[in-house]
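Engineer: My questions will all concern the structure given below.
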Amino acid sequence: METPRPYTYRLADGRYTVSIANRARVEEAIAAACRDLNIRSAAVSGIGAVDEATLRFYNPTTKRYVDRRFEEQMEIAALTGNVSEMDGEIYLHLHVTLGRADYTALAGHLLSARINGAGEIFITPFGAATPRRYDPETGLNIYDFR
């Protein structure tokens, strides 16, 4: 039995409008859409609501991410990022601002999140490949335009 896609979409004027299914993982749905639609390089933006999210903060001194999980209903006030490729695989680089019930906000690199309500994502493909490589100096996976 085939697993249903965690998203639906519509293409208009070269841009994909993606609706992520309720209870689906944001990062998994975006990656699946990119794989299914053969999108290897793109800009990503979106809004919606989640009830669980893990954010990351990069420490350049240690060259490590510090992860923190939040479990509460939150609005995706802004989701922005890009799609590229690393080692032949889809690579997502997403940042998010999440609004809490007390009107404060959380922000950081989005590792994962679960939709609780709606997930409205916009994917704008680029016309050229955007490869990445690991950079030992920064400890980050950076664009590789060499």
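Labeling convention for the structure tokens: chains A, B, ... as they appear, residues from 1 per chain, ligands from 1 in order of appearance.
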Do a neighbour search on Gly119 in chain A at 8 Å with only C-alpha atoms, toss out local chain neighbours closer than 3 positions, and write the hits as a list in words.
Structural biologist: Val18, Ser19, Ile20, Ala21, Asn22, Val26, Gly46, Ile47, Gly48, Ala49 and Ile115 of chain A
Engineer: Let's have the selection written as a compact mmCIF listing (two decimals), in the first residue's frame, with N, CA and C atoms.
Structural biologist:
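To be explicit, this is the file written out as selection.txt:
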```
# COMPACT_ATOMS: atom_id res chain seq x y z
N VAL A 18 2.37 25.06 -2.31
CA VAL A 18 2.31 23.74 -1.68
C VAL A 18 1.51 23.83 -0.39
N SER A 19 0.55 22.94 -0.24
CA SER A 19 -0.22 22.82 0.99
C SER A 19 0.26 21.57 1.72
N ILE A 20 0.83 21.75 2.89
CA ILE A 20 1.33 20.62 3.67
C ILE A 20 0.17 20.05 4.50
N ALA A 21 0.03 18.75 4.48
CA ALA A 21 -1.05 18.07 5.20
C ALA A 21 -0.94 18.30 6.71
N ASN A 22 -2.09 18.40 7.35
CA ASN A 22 -2.11 18.52 8.80
C ASN A 22 -1.40 17.33 9.44
N VAL A 26 7.09 19.51 8.34
CA VAL A 26 7.35 20.58 7.38
C VAL A 26 8.53 20.23 6.49
N GLY A 46 7.02 30.67 3.43
CA GLY A 46 5.75 30.11 3.85
C GLY A 46 5.24 30.65 5.16
N ILE A 47 4.00 30.24 5.45
CA ILE A 47 3.31 30.57 6.69
C ILE A 47 2.51 29.35 7.12
N GLY A 48 1.93 29.40 8.30
CA GLY A 48 1.11 28.28 8.77
C GLY A 48 1.10 28.20 10.28
N ALA A 49 0.92 26.98 10.78
CA ALA A 49 0.87 26.76 12.22
C ALA A 49 1.45 25.39 12.54
N ILE A 115 3.09 20.28 11.41
CA ILE A 115 1.94 21.15 11.12
C ILE A 115 0.79 20.78 12.05
```
Engineer: Please run DSSP on the backbone and report, as an mmCIF file with N, CA and C atoms, in the first residue's frame, all residues within range 18-146 of chain A that come out as strand (DSSP E or B).
Structural biologist:
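Writing done, so here's result.cif:
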```cif
data_model
loop_
_atom_site.group_PDB
_atom_site.id
_atom_site.type_symbol
_atom_site.label_atom_id
_atom_site.label_comp_id
_atom_site.auth_asym_id
_atom_site.auth_seq_id
_atom_site.Cartn_x
_atom_site.Cartn_y
_atom_site.Cartn_z
ATOM 1 N N VAL A 18 2.369 25.061 -2.307
ATOM 2 C CA VAL A 18 2.312 23.744 -1.684
ATOM 3 C C VAL A 18 1.509 23.830 -0.392
ATOM 4 N N SER A 19 0.553 22.938 -0.244
ATOM 5 C CA SER A 19 -0.216 22.818 0.992
ATOM 6 C C SER A 19 0.258 21.566 1.718
ATOM 7 N N ILE A 20 0.833 21.752 2.893
ATOM 8 C CA ILE A 20 1.329 20.622 3.675
ATOM 9 C C ILE A 20 0.174 20.051 4.496
ATOM 10 N N ARG A 25 5.282 16.577 8.735
ATOM 11 C CA ARG A 25 6.519 17.274 9.077
ATOM 12 C C ARG A 25 6.829 18.283 7.974
ATOM 13 N N ALA A 42 15.999 26.168 -5.408
ATOM 14 C CA ALA A 42 14.818 27.029 -5.323
ATOM 15 C C ALA A 42 14.877 27.911 -4.086
ATOM 16 N N ALA A 43 14.031 28.933 -4.093
ATOM 17 C CA ALA A 43 13.758 29.733 -2.899
ATOM 18 C C ALA A 43 12.482 29.187 -2.269
ATOM 19 N N VAL A 44 12.410 29.225 -0.941
ATOM 20 C CA VAL A 44 11.256 28.714 -0.205
ATOM 21 C C VAL A 44 10.776 29.799 0.760
ATOM 22 N N SER A 45 9.459 29.968 0.843
ATOM 23 C CA SER A 45 8.869 30.832 1.861
ATOM 24 C C SER A 45 7.545 30.217 2.287
ATOM 25 N N GLY A 46 7.021 30.670 3.430
ATOM 26 C CA GLY A 46 5.747 30.110 3.847
ATOM 27 C C GLY A 46 5.237 30.654 5.160
ATOM 28 N N ILE A 47 4.002 30.240 5.449
ATOM 29 C CA ILE A 47 3.311 30.572 6.690
ATOM 30 C C ILE A 47 2.515 29.350 7.119
ATOM 31 N N GLY A 48 1.928 29.397 8.305
ATOM 32 C CA GLY A 48 1.107 28.284 8.768
ATOM 33 C C GLY A 48 1.096 28.204 10.280
ATOM 34 N N ALA A 49 0.922 26.984 10.776
ATOM 35 C CA ALA A 49 0.869 26.761 12.217
ATOM 36 C C ALA A 49 1.447 25.389 12.542
ATOM 37 N N VAL A 50 2.147 25.319 13.670
ATOM 38 C CA VAL A 50 2.758 24.066 14.127
ATOM 39 C C VAL A 50 2.498 23.890 15.621
ATOM 40 N N ASP A 51 2.600 22.658 16.090
ATOM 41 C CA ASP A 51 2.467 22.424 17.523
ATOM 42 C C ASP A 51 3.733 21.822 18.131
ATOM 43 N N GLU A 52 4.746 21.689 17.304
ATOM 44 C CA GLU A 52 6.035 21.188 17.773
ATOM 45 C C GLU A 52 7.085 21.630 16.779
ATOM 46 N N ALA A 53 8.217 22.124 17.285
ATOM 47 C CA ALA A 53 9.306 22.539 16.401
ATOM 48 C C ALA A 53 10.637 22.394 17.118
ATOM 49 N N THR A 54 11.648 22.011 16.364
ATOM 50 C CA THR A 54 13.018 21.986 16.878
ATOM 51 C C THR A 54 13.815 23.002 16.074
ATOM 52 N N LEU A 55 14.355 23.983 16.795
ATOM 53 C CA LEU A 55 15.161 25.031 16.192
ATOM 54 C C LEU A 55 16.628 24.784 16.512
ATOM 55 N N ARG A 56 17.483 25.324 15.657
ATOM 56 C CA ARG A 56 18.920 25.174 15.846
ATOM 57 C C ARG A 56 19.552 26.560 15.873
ATOM 58 N N PHE A 57 20.637 26.649 16.641
ATOM 59 C CA PHE A 57 21.437 27.869 16.661
ATOM 60 C C PHE A 57 22.883 27.441 16.482
ATOM 61 N N TYR A 58 23.563 28.032 15.505
ATOM 62 C CA TYR A 58 24.937 27.635 15.197
ATOM 63 C C TYR A 58 25.931 28.442 16.027
ATOM 64 N N ASN A 59 26.825 27.729 16.683
ATOM 65 C CA ASN A 59 27.891 28.354 17.451
ATOM 66 C C ASN A 59 29.170 28.277 16.623
ATOM 67 N N ARG A 64 29.332 23.841 16.088
ATOM 68 C CA ARG A 64 28.248 22.901 16.378
ATOM 69 C C ARG A 64 26.924 23.656 16.508
ATOM 70 N N TYR A 65 25.868 22.919 16.168
ATOM 71 C CA TYR A 65 24.524 23.452 16.373
ATOM 72 C C TYR A 65 24.050 23.075 17.766
ATOM 73 N N VAL A 66 23.293 23.986 18.372
ATOM 74 C CA VAL A 66 22.609 23.716 19.634
ATOM 75 C C VAL A 66 21.128 23.639 19.280
ATOM 76 N N ASP A 67 20.500 22.501 19.562
ATOM 77 C CA ASP A 67 19.092 22.273 19.225
ATOM 78 C C ASP A 67 18.211 22.497 20.443
ATOM 79 N N ARG A 68 17.026 23.033 20.198
ATOM 80 C CA ARG A 68 16.043 23.192 21.268
ATOM 81 C C ARG A 68 14.660 22.912 20.704
ATOM 82 N N ARG A 69 13.921 22.073 21.417
ATOM 83 C CA ARG A 69 12.584 21.671 20.986
ATOM 84 C C ARG A 69 11.530 22.461 21.760
ATOM 85 N N PHE A 70 10.475 22.864 21.036
ATOM 86 C CA PHE A 70 9.364 23.610 21.619
ATOM 87 C C PHE A 70 8.078 22.852 21.296
ATOM 88 N N MET A 74 1.998 27.193 17.802
ATOM 89 C CA MET A 74 2.722 28.384 17.348
ATOM 90 C C MET A 74 2.350 28.692 15.906
ATOM 91 N N GLU A 75 2.330 29.971 15.585
ATOM 92 C CA GLU A 75 2.097 30.426 14.219
ATOM 93 C C GLU A 75 3.442 30.521 13.496
ATOM 94 N N ILE A 76 3.500 30.038 12.265
ATOM 95 C CA ILE A 76 4.672 30.297 11.437
ATOM 96 C C ILE A 76 4.487 31.704 10.897
ATOM 97 N N ALA A 77 5.141 32.673 11.524
ATOM 98 C CA ALA A 77 5.038 34.054 11.084
ATOM 99 C C ALA A 77 5.837 34.264 9.809
ATOM 100 N N ALA A 78 6.943 33.537 9.700
ATOM 101 C CA ALA A 78 7.766 33.611 8.486
ATOM 102 C C ALA A 78 8.631 32.364 8.394
ATOM 103 N N LEU A 79 8.581 31.737 7.244
ATOM 104 C CA LEU A 79 9.478 30.627 6.917
ATOM 105 C C LEU A 79 10.194 31.048 5.642
ATOM 106 N N THR A 80 11.509 31.000 5.665
ATOM 107 C CA THR A 80 12.271 31.384 4.485
ATOM 108 C C THR A 80 13.485 30.475 4.361
ATOM 109 N N GLY A 81 13.927 30.286 3.148
ATOM 110 C CA GLY A 81 15.097 29.443 2.964
ATOM 111 C C GLY A 81 15.322 29.096 1.520
ATOM 112 N N ASN A 82 16.080 28.024 1.326
ATOM 113 C CA ASN A 82 16.397 27.621 -0.036
ATOM 114 C C ASN A 82 16.561 26.122 -0.139
ATOM 115 N N VAL A 83 16.526 25.681 -1.378
ATOM 116 C CA VAL A 83 16.744 24.282 -1.735
ATOM 117 C C VAL A 83 18.000 24.252 -2.588
ATOM 118 N N SER A 84 18.890 23.320 -2.284
ATOM 119 C CA SER A 84 20.084 23.117 -3.096
ATOM 120 C C SER A 84 20.390 21.621 -3.078
ATOM 121 N N GLU A 85 21.583 21.261 -3.537
ATOM 122 C CA GLU A 85 21.994 19.860 -3.548
ATOM 123 C C GLU A 85 23.331 19.694 -2.854
ATOM 124 N N MET A 86 23.451 18.595 -2.130
ATOM 125 C CA MET A 86 24.735 18.221 -1.549
ATOM 126 C C MET A 86 24.864 16.714 -1.702
ATOM 127 N N GLU A 89 21.914 14.856 -3.201
ATOM 128 C CA GLU A 89 20.648 14.810 -2.463
ATOM 129 C C GLU A 89 20.086 16.214 -2.258
ATOM 130 N N ILE A 90 18.768 16.295 -2.090
ATOM 131 C CA ILE A 90 18.114 17.560 -1.761
ATOM 132 C C ILE A 90 18.654 18.048 -0.421
ATOM 133 N N TYR A 91 18.989 19.324 -0.360
ATOM 134 C CA TYR A 91 19.497 19.943 0.863
ATOM 135 C C TYR A 91 18.642 21.173 1.140
ATOM 136 N N LEU A 92 17.951 21.173 2.272
ATOM 137 C CA LEU A 92 17.123 22.301 2.672
ATOM 138 C C LEU A 92 17.865 23.158 3.689
ATOM 139 N N HIS A 93 17.792 24.455 3.511
ATOM 140 C CA HIS A 93 18.320 25.401 4.499
ATOM 141 C C HIS A 93 17.165 26.335 4.820
ATOM 142 N N LEU A 94 16.525 26.108 5.979
ATOM 143 C CA LEU A 94 15.304 26.821 6.347
ATOM 144 C C LEU A 94 15.484 27.581 7.657
ATOM 145 N N HIS A 95 14.965 28.794 7.689
ATOM 146 C CA HIS A 95 14.893 29.567 8.919
ATOM 147 C C HIS A 95 13.423 29.886 9.166
ATOM 148 N N VAL A 96 13.082 30.059 10.445
ATOM 149 C CA VAL A 96 11.680 30.281 10.781
ATOM 150 C C VAL A 96 11.560 31.258 11.947
ATOM 151 N N THR A 97 10.479 32.017 11.920
ATOM 152 C CA THR A 97 10.057 32.815 13.064
ATOM 153 C C THR A 97 8.699 32.270 13.475
ATOM 154 N N LEU A 98 8.592 31.884 14.750
ATOM 155 C CA LEU A 98 7.369 31.274 15.281
ATOM 156 C C LEU A 98 6.758 32.192 16.332
ATOM 157 N N GLY A 99 5.476 32.483 16.180
ATOM 158 C CA GLY A 99 4.768 33.315 17.147
ATOM 159 C C GLY A 99 4.082 32.442 18.186
ATOM 160 N N ALA A 105 8.085 35.832 20.156
ATOM 161 C CA ALA A 105 8.507 35.066 18.984
ATOM 162 C C ALA A 105 9.778 34.276 19.259
ATOM 163 N N LEU A 106 9.884 33.151 18.567
ATOM 164 C CA LEU A 106 11.085 32.319 18.556
ATOM 165 C C LEU A 106 11.619 32.361 17.130
ATOM 166 N N ALA A 107 12.928 32.284 16.981
ATOM 167 C CA ALA A 107 13.485 32.311 15.635
ATOM 168 C C ALA A 107 14.762 31.491 15.595
ATOM 169 N N GLY A 108 15.032 30.900 14.452
ATOM 170 C CA GLY A 108 16.267 30.161 14.271
ATOM 171 C C GLY A 108 16.218 29.295 13.033
ATOM 172 N N HIS A 109 17.250 28.496 12.900
ATOM 173 C CA HIS A 109 17.334 27.514 11.822
ATOM 174 C C HIS A 109 16.308 26.428 12.133
ATOM 175 N N LEU A 110 15.470 26.086 11.167
ATOM 176 C CA LEU A 110 14.439 25.068 11.397
ATOM 177 C C LEU A 110 15.000 23.685 11.116
ATOM 178 N N LEU A 111 15.081 22.871 12.144
ATOM 179 C CA LEU A 111 15.477 21.470 11.975
ATOM 180 C C LEU A 111 14.251 20.637 11.627
ATOM 181 N N SER A 112 13.171 20.803 12.410
ATOM 182 C CA SER A 112 11.944 20.051 12.142
ATOM 183 C C SER A 112 10.754 20.746 12.792
ATOM 184 N N ALA A 113 9.571 20.455 12.245
ATOM 185 C CA ALA A 113 8.334 20.997 12.805
ATOM 186 C C ALA A 113 7.170 20.158 12.299
ATOM 187 N N ARG A 114 6.093 20.126 13.096
ATOM 188 C CA ARG A 114 4.889 19.371 12.728
ATOM 189 C C ARG A 114 3.724 20.346 12.561
ATOM 190 N N ILE A 115 3.094 20.282 11.408
ATOM 191 C CA ILE A 115 1.945 21.146 11.124
ATOM 192 C C ILE A 115 0.789 20.784 12.054
ATOM 193 N N ASN A 116 0.159 21.826 12.607
ATOM 194 C CA ASN A 116 -1.085 21.662 13.353
ATOM 195 C C ASN A 116 -2.006 22.789 12.910
ATOM 196 N N GLY A 117 -2.678 22.541 11.820
ATOM 197 C CA GLY A 117 -3.510 23.545 11.172
ATOM 198 C C GLY A 117 -3.165 23.552 9.701
ATOM 199 N N ALA A 118 -2.551 24.629 9.249
ATOM 200 C CA ALA A 118 -2.215 24.765 7.834
ATOM 201 C C ALA A 118 -0.719 24.974 7.650
ATOM 202 N N GLY A 119 -0.229 24.561 6.506
ATOM 203 C CA GLY A 119 1.141 24.826 6.088
ATOM 204 C C GLY A 119 1.103 25.272 4.641
ATOM 205 N N GLU A 120 1.319 26.544 4.408
ATOM 206 C CA GLU A 120 1.229 27.123 3.069
ATOM 207 C C GLU A 120 2.624 27.561 2.639
ATOM 208 N N ILE A 121 3.185 26.822 1.693
ATOM 209 C CA ILE A 121 4.583 26.989 1.301
ATOM 210 C C ILE A 121 4.656 27.386 -0.165
ATOM 211 N N PHE A 122 5.596 28.250 -0.481
ATOM 212 C CA PHE A 122 5.802 28.711 -1.849
ATOM 213 C C PHE A 122 7.224 28.362 -2.265
ATOM 214 N N ILE A 123 7.354 27.659 -3.368
ATOM 215 C CA ILE A 123 8.652 27.221 -3.869
ATOM 216 C C ILE A 123 8.860 27.829 -5.251
ATOM 217 N N THR A 124 9.926 28.609 -5.380
ATOM 218 C CA THR A 124 10.262 29.251 -6.648
ATOM 219 C C THR A 124 11.572 28.656 -7.164
ATOM 220 N N PRO A 125 11.488 27.776 -8.160
ATOM 221 C CA PRO A 125 12.699 27.135 -8.681
ATOM 222 C C PRO A 125 13.642 28.139 -9.353
ATOM 223 N N PRO A 131 24.934 23.733 -6.003
ATOM 224 C CA PRO A 131 25.572 22.684 -5.189
ATOM 225 C C PRO A 131 26.156 23.253 -3.891
ATOM 226 N N ARG A 132 26.338 22.371 -2.930
ATOM 227 C CA ARG A 132 26.959 22.718 -1.650
ATOM 228 C C ARG A 132 28.131 21.794 -1.378
ATOM 229 N N ARG A 133 29.004 22.266 -0.510
ATOM 230 C CA ARG A 133 30.120 21.462 -0.022
ATOM 231 C C ARG A 133 30.387 21.845 1.426
ATOM 232 N N TYR A 134 30.987 20.934 2.151
ATOM 233 C CA TYR A 134 31.377 21.213 3.532
ATOM 234 C C TYR A 134 32.600 22.115 3.522
ATOM 235 N N ASP A 135 32.570 23.176 4.326
ATOM 236 C CA ASP A 135 33.686 24.099 4.467
ATOM 237 C C ASP A 135 34.294 23.920 5.858
ATOM 238 N N LEU A 140 30.441 24.779 8.087
ATOM 239 C CA LEU A 140 29.112 24.825 7.474
ATOM 240 C C LEU A 140 29.124 24.233 6.066
ATOM 241 N N ASN A 141 27.940 23.847 5.608
ATOM 242 C CA ASN A 141 27.754 23.402 4.229
ATOM 243 C C ASN A 141 27.403 24.636 3.405
ATOM 244 N N ILE A 142 28.372 25.103 2.627
ATOM 245 C CA ILE A 142 28.209 26.353 1.906
ATOM 246 C C ILE A 142 28.026 26.094 0.411
ATOM 247 N N TYR A 143 27.539 27.139 -0.297
ATOM 248 C CA TYR A 143 27.430 27.028 -1.756
ATOM 249 C C TYR A 143 28.805 26.770 -2.345
#
```
Engineer: Closest to Phe145 in chain A among A:Thr104, A:Thr3, A:Thr130, A:Ser41, using only C-alpha atoms?
Structural biologist: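 Looking only at the distances to Phe145 in chain A, the closest residue turns out to be A:Thr130.
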Engineer: Record the distance separating CA of Gly88 in chain A and CA of Arg35 in chain A, expressed in Å with one decimal.
Structural biologist: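 Going from CA of Gly88 in chain A over to CA of Arg35 in chain A, I get 11.3 Å.
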Engineer: Find the distance between CA of Pro60 in chain A and CA of Ala31 in chain A and write it in Å to one decimal.
Structural biologist: 26.6 Å
Engineer: Pick from A:Ala33, A:Arg23, A:Ala128, A:Pro136: nearest to Tyr7 in chain A, with only C-alpha atoms counted?
Structural biologist: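 Result for the nearest residue to Tyr7 in chain A: A:Ala33.
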Engineer: Name the residues of chain A that come out as alpha helix (DSSP H) in a backbone DSSP run; write them as number ranges by chain.
Structural biologist: A: 26-36
Engineer: How many Å lie between CA of Lys63 in chain A and CA of Gly139 in chain A, rounded to one decimal?
Structural biologist: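 CA of Lys63 in chain A sits 5.3 Å away from CA of Gly139 in chain A.
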Engineer: Pick out the closest residue to Pro6 in chain A from this set: A:Glu27, A:Asp87, A:Tyr103, A:Ala129. Count only C-alpha atoms.
Structural biologist: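 Checking each candidate against Pro6 in chain A, we get A:Glu27 as the closest.
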